[in-house]
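Data first, discussion second: the structure below is written as structure tokens.
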Amino acid sequence: MRQDQPNNPLHGIKLADILDFLVGFYGWEELAKQVNINCFKSNPTKKSSLKFLRTTPWARTKVEQLYLDSI
């Protein structure tokens with residue numbers, strides 16, 4: 001059963017895809033300036049960033065908002 005969420009612009013978009021887009025669009029250095037979190041500043045990797053973002057709601061919210069502002 002499929003449920004549509006017309007009021008949720010992030011419905012169906014994976015966090016990994018959001019991170020890939022932002023890294024491709026900004027690069028790690030600029031992304032660290034846009035969203036001030038250490039996982040983007042100190043030895044950034046996709047794996048470590050996803051782990052942090054999945055366990056830290058406030059950081060995930062900031063990254064998702066930057067994605068919405070960027071598209």
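Ligands are numbered from 1 in the order shown, residues from 1 within each chain, and chains are lettered A, B, ... in the order they appear in the structure tokens.
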Residues of chain A in helix (DSSP H, G or I), written as a compact mmCIF listing (two decimals) with N, CA and C atoms, in the first residue's frame:
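Saved to part.txt:
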```txt
# COMPACT_ATOMS: atom_id res chain seq x y z
N LEU A 15 18.40 10.06 2.70
CA LEU A 15 19.41 10.95 3.27
C LEU A 15 20.73 10.86 2.51
N ALA A 16 21.08 9.66 2.07
CA ALA A 16 22.32 9.47 1.31
C ALA A 16 22.27 10.25 0.00
N ASP A 17 21.10 10.28 -0.65
CA ASP A 17 20.96 11.04 -1.90
C ASP A 17 21.06 12.54 -1.64
N ILE A 18 20.50 12.99 -0.53
CA ILE A 18 20.59 14.41 -0.16
C ILE A 18 22.05 14.79 0.06
N LEU A 19 22.77 13.94 0.79
CA LEU A 19 24.18 14.23 1.07
C LEU A 19 25.01 14.21 -0.22
N ASP A 20 24.74 13.25 -1.10
CA ASP A 20 25.45 13.21 -2.39
C ASP A 20 25.22 14.48 -3.19
N PHE A 21 23.98 14.95 -3.22
CA PHE A 21 23.66 16.18 -3.95
C PHE A 21 24.42 17.37 -3.36
N LEU A 22 24.37 17.50 -2.03
CA LEU A 22 25.00 18.66 -1.39
C LEU A 22 26.52 18.65 -1.54
N VAL A 23 27.12 17.48 -1.43
CA VAL A 23 28.58 17.39 -1.61
C VAL A 23 28.95 17.71 -3.06
N GLY A 24 28.15 17.24 -4.00
CA GLY A 24 28.40 17.54 -5.40
C GLY A 24 28.19 19.02 -5.72
N PHE A 25 27.20 19.61 -5.09
CA PHE A 25 26.84 21.00 -5.35
C PHE A 25 27.81 21.98 -4.67
N TYR A 26 28.12 21.72 -3.38
CA TYR A 26 28.94 22.63 -2.59
C TYR A 26 30.37 22.15 -2.38
N GLY A 27 30.58 20.86 -2.27
CA GLY A 27 31.87 20.32 -1.84
C GLY A 27 31.90 20.31 -0.31
N TRP A 28 32.80 19.50 0.24
CA TRP A 28 32.85 19.35 1.70
C TRP A 28 33.17 20.67 2.41
N GLU A 29 34.12 21.43 1.87
CA GLU A 29 34.55 22.66 2.55
C GLU A 29 33.41 23.68 2.64
N GLU A 30 32.74 23.92 1.54
CA GLU A 30 31.63 24.89 1.55
C GLU A 30 30.45 24.34 2.34
N LEU A 31 30.22 23.04 2.29
CA LEU A 31 29.15 22.43 3.05
C LEU A 31 29.38 22.63 4.55
N ALA A 32 30.64 22.54 4.98
CA ALA A 32 30.98 22.78 6.39
C ALA A 32 30.71 24.23 6.78
N LYS A 33 30.85 25.15 5.84
CA LYS A 33 30.54 26.55 6.12
C LYS A 33 29.03 26.77 6.20
N GLN A 34 28.30 26.09 5.33
CA GLN A 34 26.84 26.24 5.30
C GLN A 34 26.18 25.61 6.53
N ASN A 38 30.95 19.27 12.84
CA ASN A 38 32.30 18.73 12.72
C ASN A 38 32.45 17.60 11.72
N CYS A 39 31.40 16.81 11.49
CA CYS A 39 31.55 15.70 10.56
C CYS A 39 31.79 16.18 9.13
N PHE A 40 31.51 17.45 8.84
CA PHE A 40 31.80 18.02 7.53
C PHE A 40 33.16 18.72 7.51
N LYS A 41 33.71 19.02 8.69
CA LYS A 41 34.96 19.77 8.78
C LYS A 41 36.18 18.87 8.93
N LYS A 46 31.42 10.20 3.57
CA LYS A 46 29.98 9.99 3.44
C LYS A 46 29.48 9.08 4.57
N LYS A 47 30.21 8.02 4.84
CA LYS A 47 29.79 7.04 5.85
C LYS A 47 29.68 7.69 7.24
N SER A 48 30.70 8.42 7.65
CA SER A 48 30.67 9.04 8.98
C SER A 48 29.61 10.13 9.07
N SER A 49 29.43 10.87 7.99
CA SER A 49 28.42 11.92 7.99
C SER A 49 27.02 11.35 8.08
N LEU A 50 26.75 10.27 7.34
CA LEU A 50 25.43 9.64 7.40
C LEU A 50 25.16 9.08 8.79
N LYS A 51 26.16 8.47 9.40
CA LYS A 51 25.98 7.92 10.74
C LYS A 51 25.63 9.04 11.72
N PHE A 52 26.34 10.16 11.65
CA PHE A 52 26.07 11.28 12.53
C PHE A 52 24.69 11.87 12.27
N LEU A 53 24.36 12.10 11.02
CA LEU A 53 23.08 12.73 10.68
C LEU A 53 21.89 11.85 11.06
N ARG A 54 22.04 10.54 10.97
CA ARG A 54 20.95 9.64 11.33
C ARG A 54 20.69 9.61 12.83
N THR A 55 21.68 9.94 13.62
CA THR A 55 21.52 9.89 15.08
C THR A 55 21.38 11.27 15.72
N PRO A 57 19.09 14.51 15.27
CA PRO A 57 17.96 15.16 14.56
C PRO A 57 18.18 16.62 14.19
N TRP A 58 18.81 17.42 15.07
CA TRP A 58 18.98 18.84 14.75
C TRP A 58 19.90 19.03 13.55
N ALA A 59 20.93 18.20 13.44
CA ALA A 59 21.85 18.31 12.30
C ALA A 59 21.17 17.86 11.02
N ARG A 60 20.40 16.79 11.11
CA ARG A 60 19.68 16.29 9.94
C ARG A 60 18.70 17.34 9.43
N THR A 61 18.03 18.01 10.35
CA THR A 61 17.08 19.06 9.97
C THR A 61 17.79 20.18 9.21
N LYS A 62 18.97 20.58 9.68
CA LYS A 62 19.72 21.64 9.00
C LYS A 62 20.15 21.21 7.60
N VAL A 63 20.60 19.97 7.46
CA VAL A 63 21.04 19.46 6.16
C VAL A 63 19.84 19.36 5.20
N GLU A 64 18.71 18.87 5.70
CA GLU A 64 17.52 18.77 4.85
C GLU A 64 17.03 20.14 4.42
N GLN A 65 17.10 21.13 5.31
CA GLN A 65 16.69 22.48 4.95
C GLN A 65 17.62 23.09 3.91
N LEU A 66 18.91 22.86 4.04
CA LEU A 66 19.86 23.34 3.04
C LEU A 66 19.58 22.70 1.70
N TYR A 67 19.25 21.43 1.68
CA TYR A 67 18.91 20.73 0.45
C TYR A 67 17.68 21.38 -0.20
N LEU A 68 16.64 21.62 0.60
CA LEU A 68 15.43 22.24 0.05
C LEU A 68 15.71 23.65 -0.49
N ASP A 69 16.57 24.38 0.19
CA ASP A 69 16.92 25.73 -0.27
C ASP A 69 17.77 25.69 -1.53
N SER A 70 18.48 24.57 -1.77
CA SER A 70 19.41 24.47 -2.89
C SER A 70 18.79 23.96 -4.17
```
